[in-house]
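Asks: Below is model34.cif; it holds mmCIF, C-alpha atoms.
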data_structure
loop_
_atom_site.label_atom_id
_atom_site.label_comp_id
_atom_site.auth_asym_id
_atom_site.auth_seq_id
_atom_site.Cartn_x
_atom_site.Cartn_y
_atom_site.Cartn_z
CA MET A 1 33.47 110.77 56.03
CA TYR A 2 30.48 109.83 53.88
CA THR A 3 27.23 110.46 55.72
CA THR A 4 23.77 111.94 55.40
CA ALA A 5 23.69 112.85 59.10
CA GLU A 6 23.64 116.43 60.36
CA ALA A 7 26.83 118.46 59.92
CA GLU A 8 27.00 119.21 63.65
CA THR A 9 27.01 115.52 64.52
CA ALA A 10 29.63 114.79 61.86
CA ALA A 11 31.86 117.56 63.24
CA GLU A 12 31.50 116.20 66.77
CA ALA A 13 32.45 112.73 65.54
CA LEU A 14 35.56 114.09 63.81
CA ASN A 15 36.51 115.94 67.01
CA GLU A 16 36.34 112.64 68.89
CA LEU A 17 38.59 110.92 66.39
CA GLU A 18 41.12 113.75 66.30
CA SER A 19 41.30 113.67 70.10
CA LEU A 20 42.01 109.96 69.98
CA ARG A 21 44.63 110.39 67.28
CA LEU A 22 46.52 112.96 69.35
CA TYR A 23 46.32 110.79 72.47
CA PHE A 24 47.59 107.77 70.56
CA ARG A 25 50.35 109.84 69.01
CA SER A 26 51.54 110.97 72.45
CA ALA A 27 51.48 107.40 73.78
CA VAL A 28 53.11 105.93 70.65
CA PRO A 29 55.40 108.69 69.28
CA GLU A 30 56.78 106.45 66.56
CA SER A 31 53.33 106.42 64.94
CA ALA A 32 53.47 110.20 64.36
CA THR A 33 55.21 109.82 61.00
CA LYS A 34 52.74 107.25 59.69
CA PRO A 35 49.80 108.82 57.82
CA VAL A 36 46.39 107.30 58.43
CA SER A 37 44.38 106.89 55.24
CA LEU A 38 40.87 106.21 56.44
CA ARG A 39 37.36 106.45 55.04
CA ILE A 40 34.26 106.48 57.26
CA VAL A 41 30.86 105.42 55.96
CA ALA A 42 28.19 106.43 58.48
CA PHE A 43 24.63 105.46 57.67
CA SER A 44 21.63 107.37 58.92
CA SER A 45 19.28 104.50 59.63
CA GLU A 46 19.23 100.83 60.52
CA TRP A 47 17.47 100.15 57.20
CA GLU A 48 20.39 101.57 55.19
CA TYR A 49 22.91 99.69 57.33
CA GLN A 50 21.18 96.31 57.11
CA VAL A 51 22.68 95.15 53.80
CA PHE A 52 26.18 96.12 54.97
CA ARG A 53 26.01 94.48 58.40
CA LEU A 54 28.92 92.29 59.47
CA ASN A 55 26.83 90.43 62.06
CA SER A 56 23.60 90.84 64.02
CA TYR A 57 25.05 92.68 67.02
CA SER A 58 27.85 95.04 65.94
CA PRO A 59 26.84 98.72 65.60
CA ALA A 60 30.08 99.37 63.69
CA TYR A 61 33.11 97.59 62.27
CA PHE A 62 36.51 98.25 60.74
CA VAL A 63 37.60 96.88 57.36
CA GLY A 64 41.38 96.95 57.24
CA GLY A 65 41.94 96.17 53.58
CA SER A 66 45.18 97.10 51.84
CA ASP A 67 43.43 99.33 49.29
CA GLN A 68 41.33 101.46 51.61
CA ARG A 69 40.80 101.23 55.35
CA THR A 70 37.18 101.87 56.18
CA ILE A 71 35.05 102.26 59.30
CA VAL A 72 31.39 101.44 58.82
CA LEU A 73 28.98 102.90 61.38
CA GLY A 74 25.37 101.73 61.50
CA ARG A 75 23.98 105.14 62.42
CA LEU A 76 25.80 108.40 63.06
CA ALA A 77 24.34 109.65 66.33
CA ARG A 78 25.83 110.85 69.61
CA GLN A 79 24.95 107.62 71.38
CA ASN A 80 27.01 105.69 68.80
CA LEU A 81 30.20 107.75 69.03
CA THR A 82 31.71 105.21 71.45
CA ALA A 83 31.38 102.56 68.75
CA LEU A 84 33.03 104.91 66.25
CA ARG A 85 35.93 105.58 68.63
CA HIS A 86 36.27 101.83 69.20
CA GLU A 87 36.71 101.13 65.49
CA TYR A 88 39.11 104.06 65.09
CA ILE A 89 41.40 102.50 67.70
CA HIS A 90 41.54 99.38 65.51
CA ALA A 91 42.61 101.57 62.58
CA LEU A 92 45.30 103.34 64.64
CA ALA A 93 46.66 100.06 65.97
CA GLN A 94 46.89 98.62 62.48
CA GLU A 95 48.61 101.74 61.13
CA SER A 96 51.19 101.37 63.92
CA GLY A 97 52.02 97.90 62.63
CA TRP A 98 50.70 96.08 65.69
CA HIS A 99 49.51 92.51 65.27
CA LEU A 100 47.35 92.04 68.33
CA PRO A 101 45.46 88.88 69.28
CA LEU A 102 41.69 89.25 69.13
CA TRP A 103 41.18 89.64 72.89
CA LEU A 104 43.77 92.40 73.18
CA GLY A 105 42.65 94.27 70.06
CA GLU A 106 39.04 94.34 71.25
CA GLY A 107 39.92 95.07 74.87
CA LEU A 108 42.25 97.90 73.88
CA ALA A 109 39.61 99.45 71.63
CA ASP A 110 37.06 99.34 74.45
CA GLN A 111 39.50 100.77 77.00
CA LEU A 112 40.66 103.70 74.87
CA ALA A 113 37.23 104.42 73.37
CA GLY A 114 35.73 104.86 76.83
CA MET A 115 33.07 102.96 78.72
CA ASP A 116 30.14 104.62 80.47
CA ALA A 117 28.56 103.51 83.76
CA PRO A 118 25.53 101.64 82.31
CA ARG A 119 27.78 99.63 79.99
CA VAL A 120 30.18 98.80 82.82
CA ARG A 121 27.29 97.61 85.03
CA PHE A 122 25.98 95.45 82.20
CA ARG A 123 29.33 93.79 81.62
CA ALA A 124 30.13 93.35 85.31
CA THR A 125 26.72 91.72 85.89
CA LEU A 126 27.19 89.46 82.85
CA LEU A 127 30.60 88.30 84.08
CA LYS A 128 29.35 87.64 87.60
CA ARG A 129 26.48 85.55 86.28
CA GLN A 130 28.26 83.65 83.50
CA GLY A 131 31.82 83.80 84.79
CA LEU A 132 34.99 85.04 83.15
CA LEU A 133 36.45 83.04 80.35
CA PRO A 134 39.60 81.33 81.69
CA ILE A 135 42.64 83.32 80.61
CA ARG A 136 44.15 80.53 78.52
CA GLU A 137 40.83 80.08 76.67
CA LEU A 138 40.31 83.84 76.30
CA THR A 139 43.74 84.45 74.81
CA SER A 140 43.36 81.55 72.37
CA VAL A 141 40.25 82.87 70.59
CA ASN A 142 41.28 84.01 67.09
CA SER A 143 37.98 84.72 65.33
CA PRO A 144 34.78 86.54 66.34
CA HIS A 145 31.91 84.45 67.71
CA ALA A 146 28.85 84.12 65.51
CA ASP A 147 26.69 83.46 68.56
CA GLU A 148 25.71 86.74 70.22
CA ALA A 149 25.72 85.42 73.80
CA ALA A 150 29.19 83.89 73.41
CA ALA A 151 30.41 87.09 71.76
CA LEU A 152 29.15 89.28 74.62
CA ARG A 153 30.93 87.10 77.19
CA PHE A 154 34.13 87.16 75.15
CA TYR A 155 34.10 90.97 74.71
CA ALA A 156 33.30 91.49 78.40
CA SER A 157 36.15 89.18 79.46
CA SER A 158 38.56 90.83 77.00
CA TRP A 159 37.76 94.29 78.33
CA ALA A 160 37.98 93.17 81.98
CA LEU A 161 41.48 91.82 81.40
CA THR A 162 42.58 94.92 79.46
CA HIS A 163 41.05 97.18 82.15
CA LEU A 164 43.16 95.32 84.73
CA LEU A 165 46.32 95.78 82.63
CA PHE A 166 45.76 99.52 82.32
CA THR A 167 44.73 100.26 85.89
CA GLU A 168 46.53 98.01 88.39
CA ALA A 169 50.17 97.34 89.26
CA PRO A 170 52.34 95.69 88.13
CA TYR A 171 50.57 95.48 84.78
CA ARG A 172 50.01 99.19 84.18
CA ASP A 173 53.76 99.76 84.34
CA CYS A 174 54.41 97.49 81.36
CA ILE A 175 51.24 97.66 79.26
CA TRP A 176 52.59 100.01 76.57
CA THR A 177 55.82 98.03 76.35
CA PHE A 178 53.70 94.91 75.90
CA LEU A 179 51.58 96.54 73.19
CA LYS A 180 54.52 97.93 71.23
CA GLY A 181 56.77 94.89 71.61
CA GLY A 182 55.47 93.00 68.60
CA ASP A 183 55.05 89.80 70.65
CA ALA A 184 51.65 90.07 72.33
CA ARG A 185 51.60 86.53 73.67
CA LEU A 186 50.38 85.63 77.16
CA GLU A 187 53.87 84.39 78.05
CA THR A 188 55.36 87.79 77.15
CA LEU A 189 52.83 89.59 79.36
CA LEU A 190 53.65 87.30 82.28
CA ALA A 191 57.38 87.82 81.81
CA LEU A 192 57.04 91.63 81.70
CA SER A 193 54.77 91.78 84.76
CA GLY A 194 56.62 89.16 86.80
CA ARG A 195 53.38 87.27 87.47
CA THR A 196 52.41 83.66 86.85
CA GLU A 197 49.34 82.62 84.90
CA GLU A 198 47.65 81.54 88.15
CA GLN A 199 48.39 84.92 89.75
CA LEU A 200 47.06 86.78 86.73
CA GLN A 201 43.88 84.69 86.78
CA SER A 202 43.41 85.43 90.48
CA ASP A 203 44.04 89.16 89.94
CA LEU A 204 41.47 89.19 87.14
CA ASP A 205 38.82 87.33 89.16
CA GLN A 206 39.14 89.91 91.93
CA HIS A 207 39.29 92.83 89.49
CA VAL A 208 35.79 92.19 88.11
CA GLY A 209 34.37 93.65 91.30
CA ARG A 210 36.40 96.82 90.80
CA LEU A 211 35.45 97.59 87.20
CA ASN A 212 34.61 101.25 86.77
CA PRO A 213 33.63 103.66 83.97
CA VAL A 214 36.43 104.83 81.68
CA PRO A 215 36.21 108.27 80.02
CA PRO A 216 37.65 108.58 76.52
CA PRO A 217 41.12 110.22 76.49
CA GLU A 218 41.05 113.99 76.31
CA GLY A 219 42.79 115.52 73.30
CA THR A 220 43.94 119.09 72.74
CA ALA A 221 41.93 119.26 69.52
CA ARG A 222 38.55 118.65 71.14
CA GLY A 223 36.20 121.26 69.74
CA GLY A 224 38.84 122.52 67.33
CA VAL A 225 38.18 120.51 64.19
CA ARG A 226 36.46 122.29 61.36
CA CYS A 227 34.17 120.05 59.35
CA ASP A 228 33.52 121.20 55.81
CA VAL A 229 30.31 119.67 54.52
CA MET A 230 29.68 119.31 50.82
CA ALA A 231 27.66 117.09 48.51
CA GLU A 232 29.64 114.17 47.14
CA GLU A 233 29.20 112.89 43.60
CA ASP A 234 26.92 109.88 43.45
CA THR A 235 29.57 107.93 41.54
CA SER A 236 32.04 108.28 44.41
CA VAL A 237 29.42 107.16 46.93
CA GLN A 238 28.38 104.16 44.85
CA LEU A 239 31.99 103.06 44.32
CA THR A 240 32.57 103.29 48.06
CA LEU A 241 29.51 101.18 48.81
CA ALA A 242 30.50 98.67 46.12
CA ARG A 243 33.94 98.39 47.74
CA LEU A 244 32.27 97.58 51.06
CA GLN A 245 30.19 94.87 49.44
CA VAL A 246 33.30 93.32 47.91
CA ASP A 247 35.06 93.38 51.29
CA LEU A 248 32.02 91.69 52.88
CA GLY A 249 31.93 89.02 50.15
CA ASN A 250 28.63 90.21 48.64
CA LEU A 251 29.93 89.94 45.09
CA ASP A 252 26.53 89.81 43.39
CA GLY A 253 25.49 92.97 45.22
CA ALA A 254 28.71 94.69 44.18
CA ARG A 255 28.21 93.70 40.53
CA THR A 256 24.64 95.01 40.57
CA ARG A 257 25.73 98.32 42.05
CA LEU A 258 28.57 98.69 39.54
CA ALA A 259 26.29 97.75 36.62
CA ASN A 260 24.01 100.67 37.46
CA LEU A 261 26.77 103.27 37.20
CA THR A 262 27.00 105.68 34.28
CA GLU A 263 29.38 105.50 31.34
CA ALA A 264 31.32 108.38 32.88
CA ALA A 265 31.91 106.28 36.00
CA ARG A 266 33.47 103.58 33.82
CA MET A 267 36.24 105.98 32.93
CA GLN A 268 37.49 105.91 36.51
CA PRO A 269 40.28 103.51 37.56
CA ALA A 270 38.38 102.67 40.77
CA TYR A 271 35.49 101.23 38.77
CA TRP A 272 37.71 98.80 36.87
CA GLY A 273 39.67 97.96 40.00
CA LEU A 274 36.47 96.86 41.69
CA MET A 275 35.37 94.92 38.62
CA GLY A 276 38.72 93.14 38.73
CA ASP A 277 38.38 92.34 42.44
CA VAL A 278 34.93 90.85 41.91
CA ALA A 279 36.14 88.74 38.99
CA LEU A 280 39.23 87.58 40.88
CA ARG A 281 37.15 86.46 43.86
CA GLN A 282 34.92 84.55 41.44
CA SER A 283 38.03 82.85 39.98
CA ASN A 284 37.55 84.51 36.59
CA ASP A 285 41.21 85.35 35.95
CA SER A 286 40.77 86.51 32.36
CA GLU A 287 38.09 89.06 33.31
CA ALA A 288 40.12 90.14 36.32
CA ARG A 289 43.20 90.66 34.13
CA TYR A 290 41.23 92.70 31.60
CA SER A 291 39.68 94.88 34.32
CA TYR A 292 42.97 95.53 36.11
CA GLU A 293 44.64 96.41 32.81
CA LYS A 294 41.87 98.94 32.13
CA ALA A 295 42.43 100.45 35.58
CA MET A 296 46.15 100.70 34.88
CA ASP A 297 45.57 102.27 31.46
CA LEU A 298 43.34 104.86 33.13
CA GLY A 299 46.17 105.82 35.46
CA SER A 300 45.53 103.79 38.61
CA GLU A 301 48.14 104.39 41.30
CA GLU A 302 46.83 101.68 43.65
CA VAL A 303 49.85 99.47 44.31
CA PRO A 304 47.78 96.55 45.73
CA LEU A 305 45.69 96.54 42.52
CA LEU A 306 48.78 96.59 40.34
CA THR A 307 50.31 93.81 42.44
CA ARG A 308 47.28 91.63 41.80
CA LEU A 309 47.65 92.31 38.06
CA ALA A 310 51.33 91.39 38.26
CA MET A 311 50.43 88.09 39.91
CA LEU A 312 47.97 87.32 37.12
CA ASN A 313 50.62 88.14 34.50
CA GLN A 314 53.59 86.67 36.34
CA THR A 315 54.61 84.34 33.47
CA ARG A 316 53.73 86.78 30.67
CA PRO A 317 55.83 89.56 29.10
CA GLU A 318 52.97 91.96 29.89
CA VAL A 319 54.06 91.86 33.53
CA ILE A 320 57.08 94.11 32.84
CA PRO A 321 55.23 97.46 32.48
CA VAL A 322 53.12 96.54 35.51
CA LEU A 323 56.20 95.95 37.66
CA GLU A 324 57.76 99.14 36.34
CA ARG A 325 54.65 101.08 37.37
CA ILE A 326 54.71 99.47 40.82
CA LEU A 327 58.33 100.48 41.34
CA ALA A 328 57.66 104.02 40.13
CA LEU A 329 54.99 104.29 42.83
CA SER A 330 56.77 102.23 45.49
CA PRO A 331 60.56 102.35 44.95
CA GLY A 332 61.25 100.39 48.13
CA ASP A 333 59.43 97.26 46.93
CA ASP A 334 62.49 95.01 46.65
CA ALA A 335 60.42 91.89 45.97
CA ALA A 336 58.90 93.50 42.87
CA ARG A 337 62.36 94.73 41.83
CA LEU A 338 63.81 91.22 41.95
CA VAL A 339 60.90 89.83 39.91
CA LEU A 340 61.37 92.58 37.34
CA THR A 341 65.07 91.73 37.18
CA SER A 342 64.28 88.11 36.34
CA HIS A 343 62.07 89.22 33.44
CA TYR A 344 64.75 91.56 32.14
CA VAL A 345 67.20 88.63 32.26
CA GLN A 346 64.78 86.44 30.28
CA GLN A 347 64.70 89.13 27.58
CA LYS A 348 68.50 89.59 27.77
CA ARG A 349 68.11 93.22 28.76
CA TRP A 350 71.35 93.12 30.72
CA PRO A 351 71.87 96.84 31.50
CA GLU A 352 68.33 97.20 32.81
CA ALA A 353 68.72 94.02 34.88
CA MET A 354 71.96 95.29 36.45
CA ALA A 355 70.39 98.68 37.17
CA GLN A 356 67.55 96.99 39.07
CA LEU A 357 69.92 94.75 41.03
CA ARG A 358 71.95 97.78 42.07
CA ARG A 359 68.82 99.44 43.45
CA VAL A 360 67.84 96.57 45.74
CA ARG A 361 68.06 97.86 49.30
CA GLU A 362 67.51 94.69 51.31
CA VAL A 363 67.50 91.19 49.89
CA PRO A 364 64.95 88.85 51.54
CA PRO A 365 66.70 85.88 53.21
CA ASP A 366 65.04 83.38 50.85
CA ARG A 367 66.31 85.33 47.81
CA GLN A 368 69.96 85.74 48.85
CA ASP A 369 71.22 82.93 46.61
CA TYR A 370 69.18 84.19 43.67
CA TYR A 371 70.51 87.71 44.14
CA SER A 372 74.16 86.59 44.28
CA HIS A 373 73.83 84.37 41.22
CA ALA A 374 71.89 87.04 39.33
CA MET A 375 74.58 89.66 39.99
CA ALA A 376 77.29 87.34 38.70
CA PHE A 377 75.24 86.14 35.72
CA VAL A 378 74.19 89.61 34.59
CA ALA A 379 77.71 90.98 35.06
CA SER A 380 79.07 88.22 32.84
CA HIS A 381 76.93 89.50 29.97
CA LEU A 382 78.00 93.12 30.28
CA GLU A 383 81.07 94.82 28.92
CA PRO A 384 83.67 95.27 31.69
CA SER A 385 83.43 99.05 31.37
CA SER A 386 79.66 98.87 31.87
CA VAL A 387 80.03 96.82 35.02
CA MET A 388 82.64 99.20 36.40
CA LEU A 389 80.49 102.20 35.54
CA SER A 390 77.47 100.68 37.29
CA THR A 391 79.38 100.33 40.58
CA ARG A 392 80.38 103.99 40.81
#
Please express what this file holds, its structure, as structure tokens.
Replies:
Amino acid sequence: MYTTAEAETAAEALNELESLRLYFRSAVPESATKPVSLRIVAFSSEWEYQVFRLNSYSPAYFVGGSDQRTIVLGRLARQNLTALRHEYIHALAQESGWHLPLWLGEGLADQLAGMDAPRVRFRATLLKRQGLLPIRELTSVNSPHADEAAALRFYASSWALTHLLFTEAPYRDCIWTFLKGGDARLETLLALSGRTEEQLQSDLDQHVGRLNPVPPPEGTARGGVRCDVMAEEDTSVQLTLARLQVDLGNLDGARTRLANLTEAARMQPAYWGLMGDVALRQSNDSEARYSYEKAMDLGSEEVPLLTRLAMLNQTRPEVIPVLERILALSPGDDAARLVLTSHYVQQKRWPEAMAQLRRVREVPPDRQDYYSHAMAFVASHLEPSSVMLSTR
């Protein structure tokens, strides 16, 4: 966590998140083996947060990029811990490999983060005045509303439906199966619960009058997390903030922040990785290639960064060391292994090509023909003894 807030508040926030992690782990045991790599940036004032805002009404948000998952909190204070818990649920759901529709992702985060009485009264009153979104319309929304009033109605309707699923039969008996099933469509929910769409709509209309506060799940680690507070190097902080600006599309702001860093900062792979990301988003492939190569030369172990460099070099011989680095870091990347094989074949490096083909664990369906032909072609260029030796 990067924050200038008081250590006591930071420790309390980490306790909340650890409690949620343990609850989620007990509900979804298969997630226990999946590490959560997460960074939290918690500002201390609305002024600091303003330039990093996602919209005009969100006190926090989650950026689920492949390089670094990040929660951004407008202000770290006790009254904002619910928002922090909400975003952490998004991170946990993503780490579990769930691909939830917008309504379910937001409703689940609200339900598990907790909802106090004033917030419940506000949402119940809003829904009674404006009406619930019809279920078919609600479950079809796939991007956040820019309009604040429409967004509030959508979030209230999403939570009301999720609250119903968690608290009333027959839905509560199948909710975790629905979440973990990998097919979070309305039709799947109806099939699991044995209800029709009309029945679900009727249940939801009646449920609005029974909405009640939801406490956050209790975890065995509450009060047991030790928070070590120490000053972070300014370079690390600035790189983190520059990464946020890139994720938000503020490329000029990211460039300005990076330009103000010291020469020592430019010896870090993260600096050149960010420079490459900015250039790539601005369609400057040559600058992006140069920056990613600098990051690689400085020892970057970020597979997504190296993958972007490989894509830029895909028709060039320079792609070979990049693919080799990717496979050294991620041996299970069969797609990269097959691409590396094709480059070895182009250079007639038959033993290396065969060695890579032998290490492929699972051939993608669309590459089955290529794999079969490549095995036969490479084998035809090897001495019989070499082919026999490679199969032992």
Asks: What does the structure give for the distance between CA of Ser44 in chain A and CA of Leu76 in chain A, in Å to one decimal?
Replies: 6.0 Å
Asks: Pick from A:Ser45, A:Asp252, A:Met296, A:Val246: nearest to Asp277 in chain A, with all atoms listed in the file counted?
Replies: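 Ranking A:Ser45, A:Asp252, A:Met296, A:Val246 by distance to Asp277 in chain A, first place goes to A:Val246.
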Asks: Considering only C-alpha atoms, can you say which of A:His163, A:Glu187, A:Asn55, A:Ser330 comes closest to Glu148 in chain A?
Replies: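 When distances to Glu148 in chain A are compared using only C-alpha atoms, the smallest one comes from A:Asn55.
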Asks: So, counting all atoms listed in the file, which residue among A:Met230, A:Ala335, A:Ala93, A:Val345 is closest to Gln368 in chain A?
Replies: A:Ala335
Asks: Translate the PyMOL selection byres ((chain A and resi 372-377) around 12), as applied to the file shown, into an explicit residue set as a ChimeraX atom specification.
Replies: /A:338-339,341-346,348,350-351,353-360,363-371,378-382,387,390-391
Asks: Could you tell me, as a list in words, exactly which residues end up selected when the PyMOL selection byres ((chain A and resi 13) around 9) is applied to this structure?
Replies: Glu8, Thr9, Ala10, Ala11, Glu12, Leu14, Asn15, Glu16, Leu17, Glu18, Leu76, Ala77, Arg78, Leu81, Leu84 and Arg85 of chain A
Asks: For Val41 in chain A, which of A:Val319, A:Met1, A:Ala184, A:Leu161 is the closest residue, counting all atoms listed in the file?
Replies: A:Met1
Asks: Would you write out, as a list in words, every residue that the PyMOL selection byres ((chain A and resi 308) around 10) captures in this file?
Replies: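 Expected selection for the PyMOL selection byres ((chain A and resi 308) around 10) here is Gly276, Asp277, Leu280, Ala288, Arg289, Tyr292, Val303, Pro304, Leu305, Leu306, Thr307, Leu309, Ala310, Met311, Leu312, Asn313, Gln314 and Val322 of chain A.
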Asks: List every protein, DNA or RNA residue that has at least one atom no more than 12 Å from (23.3, 95.8, 61.4) in the file's coordinates, counting only C-alpha atoms, and write the result as JSON, numbers by chain.
Replies: {"A": [43, 44, 45, 46, 47, 48, 49, 50, 51, 52, 53, 54, 55, 56, 57, 58, 59, 60, 61, 72, 73, 74, 75]}
Asks: How would you write as a VMD selection string the residues that get within 10 Å of (28.6, 96.5, 80.7) in the file's frame, counting only C-alpha atoms?
Replies: chain A and resid 115 to 127 152 155 to 156 159 211 to 213
Asks: Generate the output file for the selected residues, C-alpha atoms, as an mmCIF file, in the frame of the given file.
Replies:
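What landed in result.cif:
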data_model
loop_
_atom_site.group_PDB
_atom_site.id
_atom_site.type_symbol
_atom_site.label_atom_id
_atom_site.label_comp_id
_atom_site.auth_asym_id
_atom_site.auth_seq_id
_atom_site.Cartn_x
_atom_site.Cartn_y
_atom_site.Cartn_z
ATOM 1 C CA MET A 115 33.070 102.960 78.720
ATOM 2 C CA ASP A 116 30.140 104.620 80.470
ATOM 3 C CA ALA A 117 28.560 103.510 83.760
ATOM 4 C CA PRO A 118 25.530 101.640 82.310
ATOM 5 C CA ARG A 119 27.780 99.630 79.990
ATOM 6 C CA VAL A 120 30.180 98.800 82.820
ATOM 7 C CA ARG A 121 27.290 97.610 85.030
ATOM 8 C CA PHE A 122 25.980 95.450 82.200
ATOM 9 C CA ARG A 123 29.330 93.790 81.620
ATOM 10 C CA ALA A 124 30.130 93.350 85.310
ATOM 11 C CA THR A 125 26.720 91.720 85.890
ATOM 12 C CA LEU A 126 27.190 89.460 82.850
ATOM 13 C CA LEU A 127 30.600 88.300 84.080
ATOM 14 C CA LEU A 152 29.150 89.280 74.620
ATOM 15 C CA TYR A 155 34.100 90.970 74.710
ATOM 16 C CA ALA A 156 33.300 91.490 78.400
ATOM 17 C CA TRP A 159 37.760 94.290 78.330
ATOM 18 C CA LEU A 211 35.450 97.590 87.200
ATOM 19 C CA ASN A 212 34.610 101.250 86.770
ATOM 20 C CA PRO A 213 33.630 103.660 83.970
#
Asks: Select, from A:Pro321, A:Pro170, A:Gly181, A:Pro101, the residue with the minimum atom-to-atom distance to Asp203 in chain A, counting all atoms listed in the file.
Replies: A:Pro170
Asks: So, counting all atoms listed in the file, which residue among A:Arg39, A:Gln111, A:Glu302, A:Gln201 is closest to Ala328 in chain A?
Replies: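 The answer is A:Glu302, which sits nearest to Ala328 in chain A.
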Asks: Would you work out the distance separating CA of Ala5 in chain A from CA of Asp234 in chain A, expressed in Å to one decimal?
Replies: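 That distance, rounded to one decimal, is 16.3 Å.
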Asks: Write out as a list in words each polymer residue whose atoms come within 12 Å of Tyr171 in chain A, counting all atoms listed in the file; drop sequence neighbours fewer than 2 positions from it.
Replies: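 These residues fall inside the cut-off: Leu161, Thr162, His163, Leu164, Leu165, Phe166, Thr167, Glu168, Ala169, Asp173, Cys174, Ile175, Trp176, Thr177, Phe178, Leu179, Thr188, Leu189, Leu190, Ala191, Leu192, Ser193, Gly194, Arg195, Gln199, Leu200, Asp203 and Leu204 of chain A.
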Asks: What separation in Å, quoted to one decimal, exists between CA of Thr139 in chain A and CA of Leu186 in chain A?
Replies: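 Computing it gives 7.1 Å between the two atoms.
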